[in-house]
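Coordinates from work06.cif are shown below (mmCIF, C-alpha atoms and all ligand atoms).
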data_structure
#
loop_
_atom_site.label_atom_id
_atom_site.label_comp_id
_atom_site.auth_asym_id
_atom_site.auth_seq_id
_atom_site.Cartn_x
_atom_site.Cartn_y
_atom_site.Cartn_z
CA MET A 135 -24.99 -1.44 14.65
CA ILE A 136 -22.23 -3.03 12.60
CA LEU A 137 -22.24 -5.86 10.05
CA VAL A 138 -19.41 -8.37 10.31
CA THR A 139 -18.79 -10.97 7.59
CA GLY A 140 -16.96 -14.21 8.37
CA GLY A 141 -17.67 -13.77 12.08
CA ALA A 142 -17.81 -17.51 12.77
CA GLY A 143 -14.19 -18.07 11.69
CA PHE A 144 -11.05 -17.74 13.78
CA ILE A 145 -10.41 -13.99 13.75
CA GLY A 146 -14.02 -12.99 13.03
CA SER A 147 -15.39 -14.85 16.06
CA ASN A 148 -12.66 -13.44 18.31
CA PHE A 149 -13.56 -10.00 16.97
CA VAL A 150 -17.31 -10.45 17.58
CA LEU A 151 -16.72 -11.68 21.16
CA ASP A 152 -14.32 -8.83 21.78
CA TRP A 153 -16.64 -6.24 20.22
CA VAL A 154 -19.69 -7.26 22.24
CA SER A 155 -17.75 -7.19 25.51
CA ALA A 156 -15.60 -4.11 24.82
CA VAL A 157 -18.03 -1.93 22.83
CA GLY A 158 -21.44 -3.52 23.37
CA GLU A 159 -22.86 -2.24 20.08
CA PRO A 160 -25.15 -4.74 18.28
CA VAL A 161 -23.56 -6.82 15.54
CA VAL A 162 -25.09 -8.76 12.66
CA ASN A 163 -22.79 -11.62 11.68
CA LEU A 164 -23.03 -12.91 8.09
CA ASP A 165 -21.13 -16.17 7.59
CA LYS A 166 -21.49 -18.98 5.07
CA LEU A 167 -20.31 -21.57 7.62
CA THR A 168 -17.75 -23.26 5.39
CA TYR A 169 -15.53 -25.91 7.02
CA ALA A 170 -13.78 -23.00 8.80
CA GLY A 171 -16.91 -21.40 10.27
CA ASN A 172 -18.01 -22.66 13.66
CA LEU A 173 -20.95 -21.40 15.71
CA GLU A 174 -19.47 -23.09 18.76
CA ASN A 175 -16.98 -20.20 18.87
CA LEU A 176 -19.92 -17.89 19.58
CA ARG A 177 -21.70 -20.07 22.10
CA SER A 178 -21.18 -17.56 24.93
CA LEU A 179 -23.36 -15.08 22.97
CA GLN A 180 -26.38 -17.40 22.78
CA GLY A 181 -29.47 -15.48 23.87
CA ASP A 182 -27.56 -12.16 23.77
CA GLY A 183 -29.69 -9.71 21.74
CA ARG A 184 -26.55 -7.79 20.70
CA HIS A 185 -25.48 -10.60 18.36
CA GLN A 186 -27.55 -11.80 15.41
CA PHE A 187 -26.21 -14.59 13.22
CA VAL A 188 -27.20 -14.97 9.55
CA GLN A 189 -25.96 -17.91 7.50
CA GLY A 190 -25.17 -16.75 3.97
CA ASP A 191 -22.62 -15.86 1.32
CA ILE A 192 -21.00 -12.43 0.90
CA GLY A 193 -21.43 -13.05 -2.84
CA ASP A 194 -25.24 -13.25 -2.51
CA GLY A 195 -26.08 -9.67 -3.53
CA ALA A 196 -29.81 -9.95 -2.81
CA LEU A 197 -29.19 -11.26 0.70
CA VAL A 198 -26.61 -8.58 1.49
CA GLU A 199 -28.88 -5.83 0.11
CA SER A 200 -31.77 -7.01 2.27
CA LEU A 201 -29.56 -7.16 5.38
CA LEU A 202 -28.29 -3.64 4.73
CA ALA A 203 -31.81 -2.30 4.18
CA ARG A 204 -33.15 -3.98 7.32
CA HIS A 205 -30.30 -3.23 9.76
CA ARG A 206 -28.80 -0.02 8.35
CA PRO A 207 -25.28 -0.68 9.71
CA ARG A 208 -22.94 2.24 10.33
CA ALA A 209 -20.01 0.02 9.34
CA ILE A 210 -19.20 -3.24 7.56
CA LEU A 211 -16.15 -5.29 8.49
CA ASN A 212 -15.18 -7.89 5.92
CA PHE A 213 -13.42 -10.88 7.47
CA ALA A 214 -15.03 -13.51 5.21
CA ALA A 215 -12.49 -15.36 3.07
CA GLU A 216 -10.93 -18.65 2.22
CA SER A 217 -7.78 -18.30 4.32
CA HIS A 218 -5.53 -21.37 4.14
CA VAL A 219 -2.56 -21.18 1.75
CA ASP A 220 -2.17 -24.98 1.42
CA ARG A 221 -5.84 -25.37 0.46
CA SER A 222 -5.39 -22.62 -2.16
CA ILE A 223 -2.59 -24.69 -3.69
CA HIS A 224 -4.75 -27.84 -3.85
CA ALA A 225 -7.97 -26.10 -5.02
CA PRO A 226 -7.73 -22.39 -5.88
CA GLY A 227 -11.26 -22.04 -7.31
CA THR A 228 -13.09 -21.26 -4.05
CA PHE A 229 -10.46 -18.63 -3.24
CA ILE A 230 -11.32 -16.77 -6.43
CA GLU A 231 -15.06 -17.24 -5.82
CA THR A 232 -15.09 -15.89 -2.27
CA ASN A 233 -12.08 -13.62 -1.99
CA VAL A 234 -12.36 -11.96 -5.40
CA VAL A 235 -15.91 -12.39 -6.75
CA GLY A 236 -17.49 -12.46 -3.27
CA THR A 237 -15.72 -9.24 -2.24
CA PHE A 238 -16.73 -7.62 -5.53
CA ARG A 239 -20.41 -8.51 -5.03
CA LEU A 240 -20.27 -7.32 -1.43
CA LEU A 241 -18.75 -4.02 -2.55
CA GLU A 242 -21.49 -3.58 -5.15
CA ALA A 243 -24.23 -4.05 -2.55
CA VAL A 244 -22.44 -1.70 -0.16
CA ARG A 245 -21.95 0.92 -2.87
CA ALA A 246 -25.70 0.98 -3.55
CA TYR A 247 -26.52 1.18 0.17
CA TRP A 248 -23.98 3.90 0.94
CA GLY A 249 -24.98 5.85 -2.19
CA ALA A 250 -28.49 6.25 -0.77
CA LEU A 251 -27.37 7.41 2.69
CA GLN A 252 -27.63 11.10 3.56
CA GLY A 253 -25.91 13.61 5.80
CA ALA A 254 -24.31 12.38 9.03
CA GLU A 255 -25.11 8.72 8.33
CA ARG A 256 -23.26 8.92 5.02
CA GLU A 257 -20.34 10.81 6.59
CA ALA A 258 -19.90 8.28 9.38
CA PHE A 259 -20.20 5.11 7.27
CA ARG A 260 -17.11 2.87 6.92
CA PHE A 261 -16.22 -0.32 5.01
CA LEU A 262 -13.25 -2.03 6.67
CA HIS A 263 -11.53 -4.79 4.70
CA VAL A 264 -9.43 -7.27 6.67
CA SER A 265 -6.38 -8.36 4.67
CA THR A 266 -2.99 -9.94 5.04
CA ASP A 267 0.74 -9.21 4.85
CA GLU A 268 1.04 -12.04 2.29
CA VAL A 269 -0.03 -9.64 -0.50
CA TYR A 270 3.46 -8.08 -0.32
CA GLY A 271 5.25 -11.33 -1.23
CA SER A 272 8.45 -12.63 0.34
CA LEU A 273 11.41 -10.80 1.96
CA GLY A 274 15.13 -11.58 1.94
CA PRO A 275 16.80 -12.14 5.33
CA ARG A 276 18.01 -8.53 5.68
CA ASP A 277 15.24 -6.67 3.84
CA PRO A 278 13.37 -4.04 5.84
CA ALA A 279 9.88 -5.02 7.03
CA PHE A 280 6.84 -4.36 4.79
CA THR A 281 5.53 -0.80 5.00
CA GLU A 282 2.20 0.27 3.49
CA GLN A 283 4.16 1.53 0.45
CA HIS A 284 5.66 -1.87 -0.36
CA ARG A 285 4.54 -3.09 -3.79
CA TYR A 286 2.17 -6.02 -4.08
CA GLU A 287 3.89 -9.27 -5.14
CA PRO A 288 1.54 -12.10 -4.09
CA ASN A 289 2.94 -15.59 -4.63
CA SER A 290 0.17 -18.08 -3.76
CA PRO A 291 -3.36 -18.37 -5.13
CA TYR A 292 -4.52 -17.31 -1.63
CA SER A 293 -2.39 -14.17 -1.49
CA ALA A 294 -3.18 -13.32 -5.13
CA SER A 295 -6.90 -13.54 -4.38
CA LYS A 296 -6.50 -11.33 -1.29
CA ALA A 297 -4.42 -8.85 -3.31
CA ALA A 298 -7.19 -8.73 -5.91
CA SER A 299 -9.75 -8.00 -3.21
CA ASP A 300 -7.54 -5.25 -1.75
CA HIS A 301 -7.30 -3.67 -5.21
CA LEU A 302 -11.08 -3.75 -5.63
CA VAL A 303 -11.56 -2.10 -2.24
CA ARG A 304 -9.01 0.57 -3.19
CA ALA A 305 -10.72 1.14 -6.54
CA TYR A 306 -14.15 1.59 -4.93
CA HIS A 307 -12.69 4.40 -2.84
CA HIS A 308 -10.80 6.01 -5.68
CA THR A 309 -13.63 5.76 -8.23
CA TYR A 310 -16.83 5.98 -6.18
CA GLY A 311 -15.58 7.63 -2.99
CA LEU A 312 -16.66 4.68 -0.83
CA PRO A 313 -15.17 5.33 2.65
CA VAL A 314 -12.96 2.26 2.95
CA LEU A 315 -10.18 1.21 5.33
CA THR A 316 -7.86 -1.76 4.76
CA THR A 317 -5.75 -3.58 7.34
CA ASN A 318 -2.87 -5.90 6.33
CA CYS A 319 -1.98 -8.11 9.25
CA SER A 320 0.66 -10.73 9.94
CA ASN A 321 0.09 -14.30 11.25
CA ASN A 322 -2.47 -14.49 14.04
CA TYR A 323 -2.67 -17.13 16.74
CA GLY A 324 -4.93 -17.65 19.75
CA PRO A 325 -8.22 -19.31 20.80
CA TYR A 326 -10.55 -20.84 18.18
CA HIS A 327 -7.75 -21.19 15.62
CA PHE A 328 -8.65 -24.03 13.24
CA PRO A 329 -6.07 -26.83 13.58
CA GLU A 330 -5.05 -26.80 9.92
CA LYS A 331 -2.76 -23.79 10.65
CA LEU A 332 0.74 -24.17 12.10
CA ILE A 333 0.33 -23.39 15.82
CA PRO A 334 -2.98 -25.18 16.56
CA LEU A 335 -1.96 -28.13 14.35
CA MET A 336 1.23 -28.55 16.36
CA ILE A 337 -0.66 -28.38 19.66
CA VAL A 338 -3.31 -30.94 18.71
CA ASN A 339 -0.85 -33.29 16.96
CA ALA A 340 1.57 -33.13 19.89
CA LEU A 341 -1.15 -34.01 22.39
CA ALA A 342 -2.37 -36.85 20.14
CA GLY A 343 1.15 -38.32 19.93
CA LYS A 344 1.29 -37.62 16.18
CA PRO A 345 4.18 -36.27 14.06
CA LEU A 346 4.69 -32.49 13.99
CA PRO A 347 5.12 -31.81 10.25
CA VAL A 348 7.59 -28.99 9.61
CA TYR A 349 7.78 -27.96 5.94
CA GLY A 350 11.21 -27.87 4.29
CA ASP A 351 14.01 -26.72 6.62
CA GLY A 352 11.64 -24.95 9.05
CA GLN A 353 13.60 -21.70 8.67
CA GLN A 354 10.77 -19.72 7.05
CA VAL A 355 10.03 -16.62 9.09
CA ARG A 356 6.63 -15.24 10.04
CA ASP A 357 5.63 -12.31 12.24
CA TRP A 358 3.17 -13.49 14.92
CA LEU A 359 0.41 -11.44 16.54
CA TYR A 360 -2.02 -12.57 19.24
CA VAL A 361 -5.53 -12.48 17.81
CA GLY A 362 -6.83 -10.19 20.57
CA ASP A 363 -4.27 -7.59 19.49
CA HIS A 364 -5.44 -7.85 15.87
CA CYS A 365 -8.99 -7.25 17.11
CA SER A 366 -7.95 -4.15 19.07
CA ALA A 367 -6.11 -2.84 16.00
CA ILE A 368 -9.20 -3.29 13.83
CA ARG A 369 -11.37 -1.48 16.39
CA ARG A 370 -8.90 1.41 16.47
CA VAL A 371 -8.67 1.66 12.67
CA LEU A 372 -12.47 1.63 12.43
CA GLU A 373 -12.66 4.36 15.05
CA ALA A 374 -9.97 6.71 13.79
CA GLY A 375 -8.40 5.46 10.55
CA ARG A 376 -8.23 7.78 7.55
CA THR A 377 -10.50 6.59 4.76
CA GLY A 378 -8.73 5.30 1.66
CA GLU A 379 -5.68 4.37 3.75
CA THR A 380 -4.20 0.97 4.52
CA TYR A 381 -2.72 0.06 7.91
CA ASN A 382 -0.16 -2.68 8.49
CA VAL A 383 -0.74 -4.62 11.70
CA GLY A 384 1.99 -6.74 13.29
CA GLY A 385 3.56 -7.83 16.52
CA TRP A 386 7.30 -7.21 15.91
CA ASN A 387 7.65 -10.94 16.61
CA GLU A 388 9.58 -12.48 13.75
CA LYS A 389 10.17 -16.19 14.38
CA ALA A 390 11.40 -19.12 12.30
CA ASN A 391 8.78 -21.89 12.10
CA LEU A 392 11.03 -24.44 13.80
CA ASP A 393 11.53 -22.08 16.75
CA VAL A 394 7.76 -21.61 17.00
CA VAL A 395 7.23 -25.37 17.03
CA ARG A 396 9.98 -25.84 19.64
CA THR A 397 8.42 -23.15 21.85
CA VAL A 398 5.01 -24.83 21.59
CA CYS A 399 6.62 -28.15 22.58
CA ALA A 400 8.42 -26.57 25.55
CA LEU A 401 5.16 -25.05 26.82
CA LEU A 402 3.39 -28.39 26.48
CA ASP A 403 6.29 -30.13 28.26
CA GLU A 404 5.72 -27.75 31.16
CA LEU A 405 1.91 -27.61 31.22
CA LYS A 406 1.02 -31.18 30.18
CA PRO A 407 4.09 -33.45 30.38
CA ARG A 408 4.04 -36.41 27.98
CA ALA A 409 2.52 -39.49 29.56
CA GLY A 410 5.43 -41.73 28.53
CA GLY A 411 8.16 -39.18 29.42
CA GLY A 412 10.46 -37.33 27.00
CA SER A 413 9.71 -34.10 25.12
CA TYR A 414 7.02 -33.35 22.55
CA GLY A 415 9.93 -31.99 20.50
CA GLU A 416 10.82 -35.59 19.66
CA GLN A 417 7.67 -35.69 17.48
CA VAL A 418 9.04 -33.05 15.04
CA THR A 419 9.21 -34.47 11.49
CA PHE A 420 10.54 -32.62 8.45
CA VAL A 421 8.25 -33.04 5.43
CA LYS A 422 8.19 -31.84 1.82
CA ASP A 423 8.13 -28.06 1.48
CA ARG A 424 5.05 -26.05 0.48
CA PRO A 425 5.26 -25.22 -3.26
CA GLY A 426 6.20 -21.55 -3.76
CA HIS A 427 6.72 -21.21 0.01
CA ASP A 428 7.35 -17.55 0.96
CA ARG A 429 10.59 -17.38 2.96
CA ARG A 430 10.00 -14.39 5.19
CA TYR A 431 7.30 -11.89 6.16
CA ALA A 432 7.88 -8.95 8.48
CA ILE A 433 5.51 -6.10 9.23
CA ASP A 434 6.37 -2.49 9.93
CA ALA A 435 3.39 -1.37 12.04
CA ARG A 436 4.70 2.11 12.79
CA ARG A 437 1.94 3.96 10.92
CA LEU A 438 -0.72 2.35 13.11
CA GLU A 439 1.30 2.98 16.25
CA ARG A 440 2.20 6.59 15.38
CA GLU A 441 -1.06 7.80 13.87
CA LEU A 442 -3.58 5.84 15.92
CA GLY A 443 -1.65 5.06 19.09
CA TRP A 444 -2.17 1.28 18.82
CA LYS A 445 0.18 -1.13 20.61
CA PRO A 446 -0.13 -4.91 21.04
CA ALA A 447 -0.88 -5.98 24.62
CA GLU A 448 0.72 -9.44 24.34
CA THR A 449 4.28 -10.51 23.68
CA PHE A 450 4.80 -13.77 21.78
CA GLU A 451 5.64 -15.48 25.09
CA THR A 452 2.50 -14.34 26.95
CA GLY A 453 0.21 -14.85 23.95
CA LEU A 454 1.50 -18.32 23.15
CA ARG A 455 1.20 -19.43 26.79
CA LYS A 456 -2.43 -18.22 26.84
CA THR A 457 -3.06 -20.05 23.58
CA VAL A 458 -1.61 -23.38 24.72
CA GLN A 459 -3.58 -23.08 27.97
CA TRP A 460 -6.77 -22.42 25.96
CA TYR A 461 -6.29 -25.59 23.87
CA LEU A 462 -5.60 -27.64 27.01
CA ALA A 463 -8.79 -26.30 28.60
CA ASN A 464 -10.96 -26.72 25.49
CA THR A 465 -10.45 -30.30 24.38
CA ALA A 466 -14.17 -30.67 23.53
CA TRP A 467 -13.90 -27.80 21.01
CA VAL A 468 -10.89 -29.50 19.42
CA GLU A 469 -12.69 -32.86 19.22
CA HIS A 470 -15.75 -31.24 17.59
CA VAL A 471 -13.77 -29.47 14.86
CA GLN A 472 -11.91 -32.66 13.98
CA SER A 473 -14.85 -33.83 11.91
CA GLY A 474 -14.76 -36.17 8.90
CA ALA A 475 -14.02 -33.21 6.59
CA TYR A 476 -11.07 -32.20 8.78
CA ARG A 477 -9.65 -35.72 8.74
CA GLU A 478 -9.97 -35.86 4.94
CA TRP A 479 -8.00 -32.61 4.59
CA ILE A 480 -5.21 -33.78 6.92
CA ALA A 481 -4.96 -37.09 5.05
CA THR A 482 -4.77 -35.34 1.64
CA GLN A 483 -2.32 -32.62 2.65
CA TYR A 484 0.13 -34.69 4.68
CA ALA A 485 0.09 -37.71 2.38
CA SER A 486 1.36 -35.46 -0.44
CA ALA A 487 3.82 -33.65 1.89
CA ALA A 488 5.35 -36.84 3.33
P1 LIG B 501 -11.02 -18.50 8.76
O1 LIG B 501 -10.78 -19.37 7.58
O2 LIG B 501 -10.80 -19.03 10.13
O3 LIG B 501 -12.53 -17.95 8.72
C1 LIG B 501 -13.13 -17.48 7.55
C2 LIG B 501 -14.63 -17.34 7.83
O4 LIG B 501 -15.25 -16.84 6.64
C3 LIG B 501 -15.32 -18.68 8.16
O5 LIG B 501 -16.19 -18.53 9.25
C4 LIG B 501 -16.08 -19.02 6.86
O6 LIG B 501 -17.26 -19.76 7.11
C5 LIG B 501 -16.41 -17.61 6.36
N1 LIG B 501 -16.63 -17.58 4.90
C6 LIG B 501 -15.87 -18.17 3.94
N2 LIG B 501 -16.40 -17.93 2.73
C7 LIG B 501 -17.50 -17.14 2.93
C8 LIG B 501 -18.45 -16.53 2.06
N3 LIG B 501 -18.38 -16.70 0.74
N4 LIG B 501 -19.43 -15.79 2.60
C9 LIG B 501 -19.51 -15.63 3.96
N5 LIG B 501 -18.66 -16.19 4.81
C10 LIG B 501 -17.65 -16.93 4.31
O7 LIG B 501 -10.13 -17.20 8.51
P2 LIG B 501 -9.39 -16.26 9.56
O8 LIG B 501 -8.06 -16.81 9.83
O9 LIG B 501 -10.31 -15.95 10.67
O10 LIG B 501 -9.18 -14.96 8.65
C11 LIG B 501 -10.17 -13.94 8.61
C12 LIG B 501 -9.70 -12.86 7.66
O11 LIG B 501 -8.47 -12.32 8.11
C13 LIG B 501 -9.44 -13.35 6.23
O12 LIG B 501 -9.88 -12.35 5.35
C14 LIG B 501 -7.94 -13.52 6.16
O13 LIG B 501 -7.47 -13.34 4.85
C15 LIG B 501 -7.49 -12.42 7.08
N6 LIG B 501 -6.20 -12.62 7.76
C16 LIG B 501 -5.95 -13.78 8.45
C17 LIG B 501 -4.76 -13.92 9.15
C18 LIG B 501 -4.45 -15.17 9.94
O14 LIG B 501 -3.32 -15.31 10.44
N7 LIG B 501 -5.39 -16.09 10.14
C19 LIG B 501 -3.82 -12.89 9.12
C20 LIG B 501 -4.10 -11.73 8.39
C21 LIG B 501 -5.30 -11.61 7.73
O1 LIG B 502 0.65 -13.85 7.13
C1 LIG B 502 -0.74 -13.86 7.33
C2 LIG B 502 -1.29 -15.18 6.88
O2 LIG B 502 -0.93 -16.15 7.86
C3 LIG B 502 -2.81 -15.17 6.68
O3 LIG B 502 -3.13 -14.30 5.64
C4 LIG B 502 -3.33 -16.57 6.35
O4 LIG B 502 -4.74 -16.57 6.27
C5 LIG B 502 -2.89 -17.51 7.46
O5 LIG B 502 -3.29 -18.84 7.18
C6 LIG B 502 -1.38 -17.46 7.64
O6 LIG B 502 -0.70 -18.01 6.47
P1 LIG B 502 0.61 -18.94 6.63
O7 LIG B 502 0.75 -19.75 5.42
O8 LIG B 502 1.76 -18.13 7.07
O9 LIG B 502 0.09 -19.82 7.89
P2 LIG B 502 0.20 -21.38 8.22
O10 LIG B 502 -0.22 -21.54 9.65
O11 LIG B 502 -0.47 -22.22 7.19
O12 LIG B 502 1.77 -21.64 8.12
C7 LIG B 502 2.69 -20.90 8.91
C8 LIG B 502 4.09 -21.35 8.51
O13 LIG B 502 4.27 -22.71 8.95
C9 LIG B 502 4.31 -21.38 7.01
O14 LIG B 502 5.64 -21.00 6.73
C10 LIG B 502 4.10 -22.84 6.62
C11 LIG B 502 4.55 -23.58 7.86
N1 LIG B 502 3.84 -24.86 8.13
C12 LIG B 502 2.48 -24.85 8.13
C13 LIG B 502 1.77 -26.03 8.37
C14 LIG B 502 0.26 -26.02 8.35
C15 LIG B 502 4.57 -26.01 8.41
O15 LIG B 502 5.80 -26.01 8.45
N2 LIG B 502 3.86 -27.16 8.65
C16 LIG B 502 2.49 -27.22 8.62
O16 LIG B 502 1.93 -28.32 8.82
#

Show me, as structure tokens, the structure contained in the file I just sent.
Ligand code: NAD
Ligand code: DAU
Amino acid sequence: MILVTGGAGFIGSNFVLDWVSAVGEPVVNLDKLTYAGNLENLRSLQGDGRHQFVQGDIGDGALVESLLARHRPRAILNFAAESHVDRSIHAPGTFIETNVVGTFRLLEAVRAYWGALQGAEREAFRFLHVSTDEVYGSLGPRDPAFTEQHRYEPNSPYSASKAASDHLVRAYHHTYGLPVLTTNCSNNYGPYHFPEKLIPLMIVNALAGKPLPVYGDGQQVRDWLYVGDHCSAIRRVLEAGRTGETYNVGGWNEKANLDVVRTVCALLDELKPRAGGGSYGEQVTFVKDRPGHDRRYAIDARRLERELGWKPAETFETGLRKTVQWYLANTAWVEHVQSGAYREWIATQYASAA
């Protein structure tokens, strides 16, 4: 079996659902259930013996040790993190706690477990750390895309905390020989994406008749990858990646934020025309920029494609259409995640950005 951390969040829950249907191997899912963790994402696995959920913190060494001793996983996939850049600007402390200290404690527990394994079990064991392209910093308009050799230049408390965790993972391989793999992926989108992030926020605000807050001039560029393609990349790296290596994961889909928002609006205009007529695009509002806002990210995913034969299945057009359709079909999920805590965050963030 495998142990997944953060498997009730956006990417983690997509991964768990994907894993159970594509691979079928049992998975233990350790998640603290912060504001971003949601067991509703995993509802279709209720009563399925291949998925076991445990509420807990990756930084709780005793808990992790007991889970490792009881389940003897062949692999650990670390998705657990604080993941929202804007929240890291308002309150960086939890990012250091989970992303840096939590990853360190998890690595310590894993080092002890792996150190006691023997023979084939020890050979086959893997620790896969899920990271981000944001560790590389920001690119100029004509700079080549980030390769795995690009130096780390994190600019936000979030990306600095992820960079620190990547360095710890690297050091545990270099110093102790722990068989680690790291993936650095670009911006994901798809089902179960918490509506604090750009694409789901625009969808839910548009449908609610609210402003669509675009930071600064909206010309910041991100590379977008459908979450299912990130999941298939992680499965492939786990299966065949070289230990100690890092793999960049991306969709070759560089888009300016304003273009992304306009595409979301056009899809909504087609699939759910505005009750009062006109386009959802009329709701776009330019607001104060994010402090330290990285201008451009771009991922060179050729290592993953060349060495492991991975290719994304979705284009931005097909993936975004699927995503908008998912939000239109899952209004109950959206209503449930818009709890009091969610409303407080939106009020804090967009009052200061106005
Ligand atoms: P998310 O915020 O949606 O989910 C994070 C999950 O981790 C939640 O379920 C939360 O409850 C859990 N968690 C938080 N702190 C924990 C702790 N201390 N112990 C156990 N569980 C804890 O994040 P996401 O967007 O799904 O991102 C998952 C991972 O992928 C993160 O490591 C993130 O840095 C990375 N990543 C995200 C993207 C993206 O576009 N979302 C892109 C590249 C990499
Ligand atoms: O690049 C990978 C990263 O992508 C992940 O590591 C992070 O966990 C994930 O949150 C994401 O970070 P971003 O900051 O790029 O994502 P976000 O959806 O917050 O913002 C995308 C872009 O849209 C960014 O340039 C900021 C802008 N934006 C965002 C919001 C929430 C707006 O213009 N308005 C908004 O309201």

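Ranking A:His470, A:Lys422, A:Arg369, A:Arg206 by their shortest atom-to-atom distance to Val154 of chain A, with all atoms listed in the file included, puts A:Arg369 first.
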
Closest pair table for chain A residues within 6 Å of ligand LIG 502 (chain B), all atoms listed in the file, as a tab-separated table:
residue	atom	partner	partner_atom	distance
A:Ser217	CA	B:LIG502	O4	4.0
A:His218	CA	B:LIG502	O5	4.5
A:Val219	CA	B:LIG502	O7	5.1
A:Thr266	CA	B:LIG502	O3	4.4
A:Asp267	CA	B:LIG502	O1	5.2
A:Glu268	CA	B:LIG502	O1	5.2
A:Ser320	CA	B:LIG502	O1	4.2
A:Asn321	CA	B:LIG502	O2	4.0
A:Glu330	CA	B:LIG502	C14	5.6
A:Lys331	CA	B:LIG502	O10	3.5
A:Leu332	CA	B:LIG502	O10	3.7
A:Pro347	CA	B:LIG502	O16	4.9
A:Val348	CA	B:LIG502	O15	3.7
A:Tyr349	CA	B:LIG502	O15	3.7
A:Gly352	CA	B:LIG502	O15	6.0
A:Gln354	CA	B:LIG502	O14	5.3
A:Asn391	CA	B:LIG502	O13	5.6

Could you give me the residues within 7 Å of ligand LIG 501 (chain B), counting all atoms listed in the file, as an NGL selection string?
-> :A and (139-146 or 164-172 or 190-193 or 212-218 or 232 or 236 or 264-267 or 296 or 318-323 or 327-328)

Which distance in Å separates atom CA of Ser299 of chain A and atom CA of His185 of chain A, to one decimal?
->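 Atom-to-atom, atom CA of Ser299 of chain A to atom CA of His185 of chain A, that is 26.8 Å.
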
With all atoms listed in the file as the atoms that count, which of A:Leu202, A:Gly183, A:Glu282, A:Leu315 lies nearest to Arg436 of chain A?
->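 The shortest atom-to-atom distance to Arg436 of chain A comes from A:Glu282.
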
Cys399 of chain A: which residues within 10 Å, counting only C-alpha atoms, same-chain residues fewer than 6 positions away excluded, as a compact mmCIF listing (two decimals) with C-alpha atoms, keeping the file's coordinate frame?
# COMPACT_ATOMS: atom_id res chain seq x y z
CA MET A 336 1.23 -28.55 16.36
CA ILE A 337 -0.66 -28.38 19.66
CA ALA A 340 1.57 -33.13 19.89
CA LEU A 341 -1.15 -34.01 22.39
CA LEU A 346 4.69 -32.49 13.99
CA ASP A 393 11.53 -22.08 16.75
CA LEU A 405 1.91 -27.61 31.22
CA LYS A 406 1.02 -31.18 30.18
CA PRO A 407 4.09 -33.45 30.38
CA SER A 413 9.71 -34.10 25.12
CA TYR A 414 7.02 -33.35 22.55
CA GLY A 415 9.93 -31.99 20.50
CA GLU A 416 10.82 -35.59 19.66
CA GLN A 417 7.67 -35.69 17.48
CA VAL A 418 9.04 -33.05 15.04
CA VAL A 458 -1.61 -23.38 24.72
